[in-house]
Every structure is written in structure tokens, then in C-alpha cells.
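Student: Just data-v2.cif, nothing more (mmCIF, C-alpha atoms and all ligand atoms):
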data_structure
#
loop_
_atom_site.label_atom_id
_atom_site.label_comp_id
_atom_site.auth_asym_id
_atom_site.auth_seq_id
_atom_site.Cartn_x
_atom_site.Cartn_y
_atom_site.Cartn_z
CA MET A 1 83.55 105.81 71.60
CA SER A 2 80.93 103.11 71.90
CA ASP A 3 80.22 101.71 75.36
CA LYS A 4 81.32 98.15 74.66
CA LYS A 5 83.22 97.09 77.77
CA LEU A 6 86.45 95.50 76.68
CA THR A 7 88.84 93.24 78.53
CA ILE A 8 92.31 94.56 77.80
CA ALA A 9 95.46 92.56 78.59
CA ILE A 10 98.82 94.32 78.68
CA ASP A 11 101.84 92.06 79.04
CA GLY A 12 105.53 92.59 78.66
CA PHE A 13 108.93 92.86 80.29
CA SER A 14 109.50 94.57 83.61
CA SER A 15 109.85 98.36 83.68
CA CYS A 16 108.72 98.99 80.13
CA GLY A 17 105.95 101.35 81.15
CA LYS A 18 103.04 98.88 81.17
CA SER A 19 101.45 100.24 84.30
CA THR A 20 101.70 103.87 83.17
CA VAL A 21 99.92 103.04 79.92
CA ALA A 22 97.41 100.72 81.59
CA LYS A 23 96.47 103.37 84.16
CA GLU A 24 96.14 106.09 81.55
CA LEU A 25 94.00 103.83 79.41
CA ALA A 26 91.75 102.80 82.31
CA ARG A 27 91.20 106.45 83.24
CA LYS A 28 90.40 107.43 79.66
CA LEU A 29 87.94 104.55 79.17
CA GLY A 30 86.45 104.61 82.69
CA TYR A 31 87.65 101.05 83.30
CA VAL A 32 89.18 99.40 86.34
CA TYR A 33 92.94 98.98 86.34
CA VAL A 34 94.64 95.99 87.98
CA ASP A 35 98.41 95.77 88.46
CA THR A 36 99.08 92.04 88.81
CA GLY A 37 102.80 92.55 89.47
CA ALA A 38 101.77 94.26 92.71
CA MET A 39 100.04 91.04 93.77
CA TYR A 40 103.21 88.94 93.32
CA ARG A 41 105.18 91.66 95.07
CA ALA A 42 102.78 91.58 98.03
CA VAL A 43 103.15 87.79 98.36
CA THR A 44 106.93 88.27 98.25
CA LEU A 45 106.77 90.87 101.00
CA TYR A 46 104.69 88.46 103.07
CA CYS A 47 107.41 85.80 102.59
CA MET A 48 110.14 88.25 103.58
CA ARG A 49 108.30 89.32 106.72
CA HIS A 50 107.64 85.74 107.78
CA ASN A 51 111.11 84.41 106.97
CA LEU A 52 109.77 82.18 104.22
CA ILE A 53 112.42 83.28 101.72
CA ALA A 54 116.19 83.03 102.16
CA ASP A 55 118.73 85.56 100.88
CA ASP A 56 119.52 83.32 97.92
CA GLY A 57 115.84 83.24 96.94
CA THR A 58 115.02 79.76 98.27
CA VAL A 59 111.38 79.73 99.34
CA ASP A 60 109.99 77.53 102.11
CA GLU A 61 107.25 76.32 99.80
CA ALA A 62 105.58 73.99 102.30
CA ALA A 63 105.13 76.80 104.82
CA LEU A 64 104.01 79.21 102.11
CA LYS A 65 101.46 76.72 100.83
CA ASN A 66 100.05 76.33 104.34
CA ASN A 67 99.69 80.09 104.58
CA ILE A 68 98.56 81.01 101.10
CA GLU A 69 94.92 81.37 102.13
CA ASN A 70 96.02 83.78 104.88
CA ILE A 71 97.59 86.21 102.44
CA GLY A 72 94.89 88.77 101.77
CA ILE A 73 95.63 91.01 98.81
CA SER A 74 93.33 93.86 97.93
CA PHE A 75 93.42 97.24 96.24
CA ILE A 76 91.95 100.62 96.96
CA TYR A 77 91.11 101.94 93.51
CA ASP A 78 90.58 105.61 92.74
CA PRO A 79 88.70 105.89 89.42
CA GLN A 80 89.53 109.62 89.12
CA THR A 81 93.27 109.01 88.91
CA SER A 82 93.34 105.23 88.28
CA LYS A 83 95.71 105.05 91.22
CA ASN A 84 95.77 101.64 92.82
CA THR A 85 96.97 101.26 96.37
CA THR A 86 97.99 97.73 97.31
CA LEU A 87 96.99 96.29 100.67
CA LEU A 88 98.44 93.19 102.33
CA ASN A 89 96.03 91.89 104.95
CA GLY A 90 94.56 95.36 105.25
CA GLU A 91 97.88 97.21 105.57
CA VAL A 92 98.98 99.69 102.89
CA VAL A 93 102.19 98.29 101.39
CA GLU A 94 102.22 100.21 98.12
CA ASP A 95 105.64 101.82 98.66
CA GLU A 96 107.24 98.87 100.38
CA ILE A 97 106.50 96.44 97.56
CA ARG A 98 108.32 98.71 95.06
CA ARG A 99 111.60 98.62 96.97
CA ILE A 100 114.64 96.97 95.40
CA GLU A 101 114.76 94.28 98.12
CA VAL A 102 111.34 93.07 96.98
CA SER A 103 112.21 93.45 93.27
CA ASN A 104 115.25 91.24 93.81
CA LYS A 105 113.17 88.43 95.32
CA VAL A 106 109.85 88.56 93.50
CA SER A 107 110.82 86.27 90.61
CA TYR A 108 111.53 83.44 93.05
CA VAL A 109 108.00 83.68 94.40
CA SER A 110 106.18 84.33 91.14
CA ARG A 111 107.57 81.14 89.60
CA ILE A 112 105.83 78.90 92.17
CA GLU A 113 102.88 77.09 90.65
CA PHE A 114 100.42 77.27 93.56
CA VAL A 115 101.16 80.98 94.03
CA ARG A 116 100.35 81.61 90.37
CA ALA A 117 97.20 79.49 90.52
CA GLN A 118 95.93 81.52 93.48
CA MET A 119 96.75 84.89 91.86
CA VAL A 120 95.21 83.88 88.53
CA ARG A 121 91.99 82.93 90.32
CA LEU A 122 91.83 86.31 92.04
CA GLN A 123 92.57 88.11 88.77
CA GLN A 124 89.89 86.24 86.85
CA ASP A 125 87.37 87.14 89.56
CA MET A 126 88.29 90.81 89.28
CA GLY A 127 87.82 90.77 85.52
CA ARG A 128 84.59 88.85 85.25
CA GLN A 129 82.50 91.92 84.35
CA GLY A 130 84.83 93.26 81.61
CA GLY A 131 85.69 96.95 81.52
CA ILE A 132 89.15 96.18 82.82
CA VAL A 133 92.74 96.89 81.94
CA MET A 134 95.07 94.37 83.55
CA ASP A 135 98.84 94.38 83.23
CA GLY A 136 101.30 91.59 83.93
CA ARG A 137 103.18 88.79 82.21
CA ASP A 138 100.55 86.13 81.54
CA ILE A 139 97.35 88.11 81.20
CA GLY A 140 96.83 87.51 77.47
CA THR A 141 98.11 83.93 77.63
CA VAL A 142 96.68 82.50 80.88
CA VAL A 143 94.42 84.89 82.81
CA PHE A 144 92.30 86.18 79.89
CA PRO A 145 93.15 84.13 76.80
CA ASN A 146 89.95 85.52 75.24
CA ALA A 147 90.73 89.17 75.96
CA ASP A 148 89.32 91.61 73.40
CA LEU A 149 92.68 93.32 73.05
CA LYS A 150 96.14 92.01 73.87
CA ILE A 151 99.14 94.28 73.88
CA PHE A 152 102.70 93.05 74.35
CA MET A 153 104.95 95.92 75.37
CA THR A 154 108.69 95.94 75.14
CA ALA A 155 111.74 98.22 75.21
CA SER A 156 115.49 97.59 75.35
CA PRO A 157 116.93 96.54 78.76
CA GLU A 158 119.06 99.72 78.93
CA VAL A 159 116.09 102.01 78.31
CA ARG A 160 114.06 100.16 80.94
CA ALA A 161 116.87 100.20 83.49
CA GLN A 162 117.35 103.94 83.00
CA ARG A 163 113.63 104.60 83.59
CA ARG A 164 113.63 102.46 86.73
CA PHE A 165 116.84 104.12 87.97
CA ASP A 166 115.30 107.60 87.50
CA GLU A 167 112.14 106.50 89.33
CA LEU A 168 113.96 105.04 92.33
CA THR A 169 116.52 107.83 92.71
CA ALA A 170 113.67 110.37 92.53
CA LYS A 171 112.23 108.57 95.57
CA GLY A 172 115.59 108.88 97.32
CA GLU A 173 116.64 105.24 97.04
CA LYS A 174 120.41 104.73 96.92
CA VAL A 175 120.90 102.52 93.88
CA THR A 176 123.37 102.33 91.01
CA PHE A 177 122.51 102.05 87.33
CA SER A 178 124.46 98.80 86.96
CA GLU A 179 122.61 97.25 89.91
CA ILE A 180 119.29 98.13 88.27
CA LEU A 181 120.39 96.87 84.85
CA GLU A 182 121.46 93.60 86.43
CA ASN A 183 118.07 93.30 88.17
CA VAL A 184 116.23 93.99 84.88
CA ASN A 185 118.28 91.37 82.99
CA GLN A 186 117.93 88.83 85.77
CA ARG A 187 114.15 89.28 85.99
CA ASP A 188 113.81 89.06 82.20
CA TYR A 189 115.70 85.79 82.26
CA ILE A 190 113.70 84.24 85.08
CA ASP A 191 110.37 85.55 83.73
CA GLN A 192 111.05 84.05 80.30
CA HIS A 193 112.51 80.75 81.46
CA ARG A 194 110.34 79.70 84.39
CA GLU A 195 108.40 76.49 83.92
CA VAL A 196 104.99 77.84 84.88
CA SER A 197 103.47 80.52 82.63
CA PRO A 198 106.71 81.99 81.28
CA LEU A 199 106.51 85.46 79.83
CA LYS A 200 105.75 85.06 76.16
CA GLN A 201 103.86 86.93 73.58
CA ALA A 202 100.36 85.64 72.83
CA ALA A 203 99.99 84.77 69.14
CA ASP A 204 97.25 87.39 68.76
CA ALA A 205 98.99 90.17 70.75
CA HIS A 206 99.95 93.51 69.22
CA VAL A 207 103.61 94.29 69.91
CA VAL A 208 104.42 97.83 70.97
CA ASP A 209 108.17 98.57 71.29
CA ASN A 210 108.42 101.94 73.00
CA SER A 211 112.23 102.30 73.14
CA GLN A 212 112.04 105.19 70.68
CA MET A 213 108.53 106.48 71.42
CA THR A 214 107.33 109.32 73.61
CA ARG A 215 104.51 108.58 76.01
CA ASP A 216 102.07 110.48 73.79
CA GLU A 217 103.12 108.61 70.66
CA GLN A 218 102.74 105.32 72.44
CA PHE A 219 99.34 106.24 73.82
CA ALA A 220 98.11 107.24 70.36
CA VAL A 221 99.17 103.83 68.99
CA ILE A 222 97.35 102.05 71.79
CA LEU A 223 94.17 104.12 71.52
CA LYS A 224 93.99 103.19 67.85
CA LEU A 225 94.19 99.51 68.82
CA VAL A 226 91.39 100.05 71.34
CA GLU A 227 89.19 101.62 68.65
CA GLU A 228 89.84 98.66 66.36
CA ALA A 229 89.04 96.19 69.14
CA LYS A 230 85.77 98.02 69.90
CA ALA A 231 84.81 97.96 66.25
CA ALA A 232 85.58 94.22 66.09
CA LYS A 233 83.41 93.53 69.16
CA LYS A 234 80.26 95.07 67.63
O1 LIG B 1 105.39 94.20 86.82
P1 LIG B 1 106.28 94.06 88.04
O2 LIG B 1 107.73 94.34 87.77
O3 LIG B 1 105.78 94.80 89.22
O4 LIG B 1 106.19 92.50 88.40
C1 LIG B 1 106.86 91.97 89.51
C2 LIG B 1 107.27 90.53 89.24
O5 LIG B 1 106.11 89.69 89.23
C3 LIG B 1 108.03 90.28 87.94
O6 LIG B 1 109.33 89.80 88.21
C4 LIG B 1 107.26 89.22 87.23
C5 LIG B 1 106.14 88.82 88.12
N1 LIG B 1 104.83 88.83 87.48
C6 LIG B 1 104.37 87.64 86.98
O7 LIG B 1 105.08 86.64 87.01
N2 LIG B 1 103.12 87.58 86.44
C7 LIG B 1 102.35 88.67 86.37
N3 LIG B 1 101.13 88.58 85.84
C8 LIG B 1 102.83 89.90 86.87
C9 LIG B 1 104.09 89.95 87.41
#
As C-alpha cells, please, write out the structure in this file.

Tutor:
Amino acid sequence: MSDKKLTIAIDGFSSCGKSTVAKELARKLGYVYVDTGAMYRAVTLYCMRHNLIADDGTVDEAALKNNIENIGISFIYDPQTSKNTTLLNGEVVEDEIRRIEVSNKVSYVSRIEFVRAQMVRLQQDMGRQGGIVMDGRDIGTVVFPNADLKIFMTASPEVRAQRRFDELTAKGEKVTFSEILENVNQRDYIDQHREVSPLKQAADAHVVDNSQMTRDEQFAVILKLVEEAKAAKK
């Protein structure tokens, strides 16, 4: 492979394996991996801890706005494994932000304009040098509209809910499949219909539907796209 440092944007629905692919790709290419969903999850956790979000998802936006500069989000990145550990004001919150309580609330926080503006700024700073794989919902459309390669990943809601269910039960969380499926459908709806930066495919994104693909098959498809993007950048 040539040493052209690409900016790679991976967008798509929740739980369709974006972060697994993005991590694998970053490790293979020697790039940095950034999980932008973790950033919105960390802000959500902050809101939950400071009583800025009600059970029905209503956010105290004025209080959150006053505090937004006090929400420090950072990552410890291990280039050997591409594992990213998320920190909220210096505290490791990697496991906590994956819990269902956070998943159920995150869409209410990620639809707020000033939250998105702040996260997008941080993400653009992280990607300034290239050599980055970033996954999220608006990476190819808003964060890096000039990315060298844009991938839009998708899979059926049932396939995604099953994967998420397996993941959470393996960690010992007591959840039901129908609860997870409902969460997946609800997040899809909110992600696609919010006013600010709704999830949508960039016109120049390559769609990868992995409902019927193994991880290896999917990775082979994506590596081919990377090769093409490198050739195009020469
Ligand atoms: O990828 P994830 O499931 O961890 O993302 C958590 C939530 O954050 C999801 O409901 C959508 C939102 N999100 C977003 O709005 N923009 C991004 N770039 C990444 C995630």
C-alpha cells in the first residue's frame, strides 16, 4: 500500500458494526480511530449524572449550554489494538456509556444543535492531519465533507438488534430482545428525523449492507474501496 494518509468517514445506523470495521481498518492502516458515538454518549452520561435530563428525555438545555465547556471528552488510544477508551473529565467511562440507560437517552442529547457544534469542532481538530478513520452519523456529510473515502454501512434492524442483544447479554446485562429492537428502531427514527444533521447517506458514499455478509467478506469489500481511494488520491 502507498503511504498516502487518507481521511476515512464511516457512517450508518446504530449497531451495524461500524466501530468493529473502523477499528480493524485503523489497525491495518496504522491510522487513528475515533468513535464519535462515544462522545455523544459521554455528554449524555454527564447530563444523567448532573440531573440535566429527565426520564422522558427532556434536556435542561440552558443548564447544559452553561456547562458545555466543562465537559471534557478525551480518549486513550492504543495503536496496537485500536482500542479507544473514553474519558469524561479524566474518568474512564468506557463501560458506563455503553449501558442501555445511556443508549435510551443519547438521541435526545445528540439532536441538540450546540452539542453537535461542539462535538464537530472537536472531531475536526482530531482529524486535521489525516490518517484517521472516524465513525458516526454525520462524518461524511458534516464533519469531513471532503473525506477521501466515505462508507455508509447498513443492516436490517433485526440483524442489528440481535448483534446488540448478544453483546449486552455476554456482558451480563439483563435485557430482552424486544427491548433492544425497540431501542434500535427508536434511535433509527430519531437519528433520521432530527432537524440538525440527520443521518443520511452522502451522495458520494459507498453503501455496504452487511446483513448477509461475514466480517471477513465485509472487510474485503472495504479494503478494496480503500485501495481505490488511495489510487484516486495519487
Ligand atoms: O454509534 P453509537 O450508537 O454509539 O451512537 C450513539 C448515539 O449518538 C446515536 O443514537 C446517534 C448519535 N450520534 C450522532 O448523532 N452523531 C454521530 N456522529 C455519532 C453518534

Student: Give me the range 91-171 of chain A side of the contact with range 188-192 of chain A, cut-off 10 Å, one line per residue showing its nearest atom pair and distance in Å at one decimal, counting all atoms listed in the file, sorted by chain and residue number, as a tab-separated table.

Tutor:
residue	atom	partner	partner_atom	distance
A:Ser107	CA	A:Ile190	CA	6.6
A:Tyr108	CA	A:Ile190	CA	8.3
A:Ser110	CA	A:Asp191	CA	8.6
A:Arg111	CA	A:Asp191	CA	7.9
A:Arg137	CA	A:Asp191	CA	8.0
A:Pro157	CA	A:Asp188	CA	8.8

Student: Give me the chain A side of the contact with ligand LIG 1 (chain B), cut-off 8 Å, one line per residue showing its nearest atom pair and distance in Å at one decimal, counting only C-alpha atoms and all ligand atoms, sorted by chain and residue number, as CSV.

Tutor:
residue,atom,partner,partner_atom,distance
A:Asp11,CA,B:LIG1,N3,7.7
A:Phe13,CA,B:LIG1,O1,7.5
A:Ser14,CA,B:LIG1,O2,4.5
A:Ser15,CA,B:LIG1,O2,6.1
A:Lys18,CA,B:LIG1,O1,7.7
A:Ser19,CA,B:LIG1,O1,7.6
A:Asp35,CA,B:LIG1,O1,7.3
A:Thr36,CA,B:LIG1,C8,4.7
A:Gly37,CA,B:LIG1,O4,3.6
A:Ala38,CA,B:LIG1,O3,5.3
A:Met39,CA,B:LIG1,C8,7.5
A:Tyr40,CA,B:LIG1,O5,5.1
A:Arg41,CA,B:LIG1,C1,5.8
A:Arg98,CA,B:LIG1,O3,7.5
A:Ser103,CA,B:LIG1,C1,6.7
A:Val106,CA,B:LIG1,C2,5.4
A:Ser107,CA,B:LIG1,O6,4.5
A:Ser110,CA,B:LIG1,O7,4.9
A:Arg111,CA,B:LIG1,O7,6.6
A:Arg116,CA,B:LIG1,N2,7.7
A:Asp135,CA,B:LIG1,N3,6.8
A:Gly136,CA,B:LIG1,N3,3.6
A:Arg137,CA,B:LIG1,N3,4.2
A:Asp138,CA,B:LIG1,N3,5.0
A:Ile139,CA,B:LIG1,N3,6.0
A:Arg187,CA,B:LIG1,O6,5.3
A:Asp188,CA,B:LIG1,O6,7.5
A:Ile190,CA,B:LIG1,O6,7.7
A:Asp191,CA,B:LIG1,C4,5.9
A:Ser197,CA,B:LIG1,O7,7.7
A:Pro198,CA,B:LIG1,O7,7.6
A:Leu199,CA,B:LIG1,O7,7.4

Student: Rounded to one decimal in Å, what is the spacing between CA of His206 in chain A and CA of Ile10 in chain A?

Tutor: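 Distance between the two atoms: 9.6 Å.
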
Student: My list of candidates is A:Ile180, A:Met213, A:Ile76, A:Cys16. Which is closest to Ser156 in chain A when distances are computed with only C-alpha atoms?

Tutor: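 Going through A:Ile180, A:Met213, A:Ile76, A:Cys16 one by one, the smallest distance to Ser156 in chain A is for A:Cys16.
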
Student: I'd like to know which of A:Ile53, A:Ala205, A:Val115, A:Val32 is closest to Ala147 in chain A, using only C-alpha atoms.

Tutor: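 When distances to Ala147 in chain A are compared using only C-alpha atoms, the smallest one comes from A:Ala205.
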
Student: For Ala42 in chain A, which residue among A:Asp56, A:Glu69, A:Glu96, A:Glu61 is the nearest when counting all atoms listed in the file?

Tutor: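 Among A:Asp56, A:Glu69, A:Glu96, A:Glu61, it is A:Glu96 that comes nearest to Ala42 in chain A.
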
Student: Quote the spacing between CA of Thr86 in chain A and CA of Ile73 in chain A in Å to one decimal place.

Tutor: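 For CA of Thr86 in chain A relative to CA of Ile73 in chain A, the distance reads 7.3 Å.
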
Student: Smallest atom-to-atom distance to Lys28 in chain A: which of A:Val208, A:Ala229, A:Ala117, A:Leu223, using all atoms listed in the file?

Tutor: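 Using all atoms listed in the file, the shortest distance to Lys28 in chain A belongs to A:Leu223.
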
Student: What's the separation between CA of Val184 in chain A and CA of Arg160 in chain A, in Å to one decimal place?

Tutor: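 Value for the CA of Val184 in chain A-CA of Arg160 in chain A distance: 7.6 Å.
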
Student: Name the closest residue to Lys171 in chain A among the candidates A:Gln124, A:Arg99, A:Ile71, A:Lys5; distances are taken between atoms, counting only C-alpha atoms.

Tutor: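 Going through A:Gln124, A:Arg99, A:Ile71, A:Lys5 one by one, the smallest distance to Lys171 in chain A is for A:Arg99.
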
Student: Using all atoms listed in the file, list the residues that have an atom at most 9 Å from (94.9, 84.8, 76.2), coordinates as in the file, as a PyMOL selection string.

Tutor: chain A and resi 9+138-147+150+202-205

Student: Which residues come within 9 Å of Ile68 in chain A, counting only C-alpha atoms, excluding same-chain residues fewer than 5 positions away, as a list in words?

Tutor: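 Counting only the stated atoms, we get Val43, Ala63, Phe114, Val115 and Gln118 of chain A.
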
Student: Identify which of the residues A:Gln218, A:Gln212, A:Thr44, A:Asn185 lies closest to Leu64 in chain A, counting all atoms listed in the file when measuring atom-to-atom distances.

Tutor: A:Thr44
